[in-house]
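Below you'll find the structure, written out as structure tokens, and then a few comments.
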Amino acid sequence: MQNGDRKARSGSGSVRAAGDEVVVTRTEPFENFYRREFRKLVGLAYALSGSRLGAEDLAQEAMMAAHGQWDRIGLYERPDAWVRRVLANKAVSLHRRKMAEARAVARLTLGHQEALPELEPVDEEFWAKVRSLSKKQAQAVTLFYLEDRSIEDISVVLECSPSTAKVHLFKARKNLARKLGMEADG
């Protein structure tokens, strides 16, 4: 290889030459990534979607997207952040689709809608309020409290600066405190 940076793919990794130094990067096998991350993704999907049945589907779709591009995604510094971003986007799309379907059904039934059953567990009520926040606020809260992610991790998943991630989390806490009838702690 010549001087300067050059990247070449070789099966399960990449080779980069910088001057006389050669650095080989290997990707983690997708199966290991899947085993480590899938259950966490299901939890994240459930918190974002509110659907136990849909959560596994969302997590599976995000993993399928990663698997289809694993030669590239596996080389990322944070493939876990990439798959969470995909999952978060799919959850938003699912929510929009469900809302559109609900509006269509409401129009078809001439405005008659059955009341949804009451949610019993306190956690269900809390996560419903989280889902009522803006997209970025809901994602920040879910990543921070459900997955115990750092501000840095959240900023990577949300594709924003750490200070913007802090703002999303701050506003989410303030809005949740209002929604839950509690005073916000400045």
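Residues are named by chain letter and number: chains run A, B, ... in the order of the structure tokens, numbers start at 1 in each chain, and ligands are numbered from 1 in the order shown.
By only C-alpha atoms, and with residues fewer than 5 positions from Arg84 (chain A) along its chain excluded, the set lying at most 9 Å from it is Leu41, Leu44, Ala59, Ala62, Pro79, Asn89, Val157 and Leu158 of chain A.
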Take the residues from that selection and put them in a file with C-alpha atoms, as a compact mmCIF listing (two decimals), in the first residue's frame.
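After the write, again33.txt holds the following:
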# COMPACT_ATOMS: atom_id res chain seq x y z
CA LEU A 41 -34.20 -3.29 21.43
CA LEU A 44 -36.90 0.21 23.71
CA ALA A 59 -36.82 -4.76 16.92
CA ALA A 62 -34.26 -2.86 12.84
CA PRO A 79 -23.51 -0.13 15.42
CA ASN A 89 -37.52 5.93 13.17
CA VAL A 157 -28.66 7.75 18.55
CA LEU A 158 -30.57 11.01 17.99
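Using only C-alpha atoms, the protein and nucleic acid residues lying no more than 10 Å from region 56-58 of chain A, apart from those fewer than 3 places from it along its own chain, are Phe38, Arg39, Leu41, Val42, Gly43, Leu44, Ala45, Tyr46, Ser49, Ser51, Arg52, Leu53, Glu61, Ala62, Met63, Met64, Val86, Leu87, Ala88, Asn89, Lys90, Ala91 and Leu94 of chain A.
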Can you pull out the residues contacting region 164-179 of chain A? Cut-off 10 Å, using only C-alpha atoms, and skip same-chain residues under 5 positions away; I want them as a ChimeraX atom specification. /A:126,129-130,132-144,150-159,184-186
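Going from CA of Leu48 (chain A) to CA of Val83 (chain A) covers 14.5 Å.
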Counting only C-alpha atoms, what is within 12 Å of Glu31 (chain A), bar same-chain residues fewer than 3 positions away, as a ChimeraX atom specification? /A:27-28,34-38,63-64,66-67,70,74
Atoms to include: N, CA and C atoms. Write the selected residues as a PDB file, in the first residue's frame.
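Everything below was put into selection_20.pdb:
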ATOM      1  N   THR A  27     -15.015  -6.839  12.186  1.00  0.00           N
ATOM      2  CA  THR A  27     -16.368  -6.634  12.668  1.00  0.00           C
ATOM      3  C   THR A  27     -16.757  -7.787  13.567  1.00  0.00           C
ATOM      4  N   GLU A  28     -17.581  -7.483  14.523  1.00  0.00           N
ATOM      5  CA  GLU A  28     -18.150  -8.505  15.392  1.00  0.00           C
ATOM      6  C   GLU A  28     -19.118  -9.330  14.551  1.00  0.00           C
ATOM      7  N   TYR A  34     -26.549  -9.508  17.580  1.00  0.00           N
ATOM      8  CA  TYR A  34     -27.988  -9.779  17.710  1.00  0.00           C
ATOM      9  C   TYR A  34     -28.310 -10.305  19.103  1.00  0.00           C
ATOM     10  N   ARG A  35     -27.574 -11.305  19.556  1.00  0.00           N
ATOM     11  CA  ARG A  35     -27.828 -11.888  20.884  1.00  0.00           C
ATOM     12  C   ARG A  35     -27.683 -10.843  21.991  1.00  0.00           C
ATOM     13  N   ARG A  36     -26.704  -9.977  21.878  1.00  0.00           N
ATOM     14  CA  ARG A  36     -26.448  -8.969  22.909  1.00  0.00           C
ATOM     15  C   ARG A  36     -27.497  -7.855  22.899  1.00  0.00           C
ATOM     16  N   GLU A  37     -27.953  -7.439  21.734  1.00  0.00           N
ATOM     17  CA  GLU A  37     -28.779  -6.245  21.619  1.00  0.00           C
ATOM     18  C   GLU A  37     -30.280  -6.483  21.461  1.00  0.00           C
ATOM     19  N   PHE A  38     -30.715  -7.652  21.007  1.00  0.00           N
ATOM     20  CA  PHE A  38     -32.123  -7.825  20.624  1.00  0.00           C
ATOM     21  C   PHE A  38     -33.091  -7.546  21.769  1.00  0.00           C
ATOM     22  N   MET A  63     -33.143  -4.984  13.284  1.00  0.00           N
ATOM     23  CA  MET A  63     -32.048  -5.943  13.173  1.00  0.00           C
ATOM     24  C   MET A  63     -31.891  -6.450  11.739  1.00  0.00           C
ATOM     25  N   MET A  64     -33.009  -6.615  11.048  1.00  0.00           N
ATOM     26  CA  MET A  64     -32.926  -7.054   9.649  1.00  0.00           C
ATOM     27  C   MET A  64     -32.232  -5.989   8.796  1.00  0.00           C
ATOM     28  N   ALA A  66     -29.959  -3.928   9.862  1.00  0.00           N
ATOM     29  CA  ALA A  66     -28.533  -4.015  10.194  1.00  0.00           C
ATOM     30  C   ALA A  66     -27.902  -5.246   9.529  1.00  0.00           C
ATOM     31  N   HIS A  67     -28.593  -6.367   9.577  1.00  0.00           N
ATOM     32  CA  HIS A  67     -28.049  -7.596   9.002  1.00  0.00           C
ATOM     33  C   HIS A  67     -27.808  -7.444   7.502  1.00  0.00           C
ATOM     34  N   TRP A  70     -24.586  -5.507   7.187  1.00  0.00           N
ATOM     35  CA  TRP A  70     -23.639  -5.728   8.283  1.00  0.00           C
ATOM     36  C   TRP A  70     -22.183  -5.506   7.880  1.00  0.00           C
ATOM     37  N   GLY A  74     -21.376  -3.074  10.643  1.00  0.00           N
ATOM     38  CA  GLY A  74     -20.495  -3.704  11.628  1.00  0.00           C
ATOM     39  C   GLY A  74     -19.171  -2.992  11.806  1.00  0.00           C
TER      40      GLY A  74
END
Expressed in Å, the length from CA of Ala55 (chain A) to CA of Val92 (chain A) is 12.3 Å
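Straight-line separation from CA of Arg131 (chain A) to CA of Glu147 (chain A): 15.8 Å.
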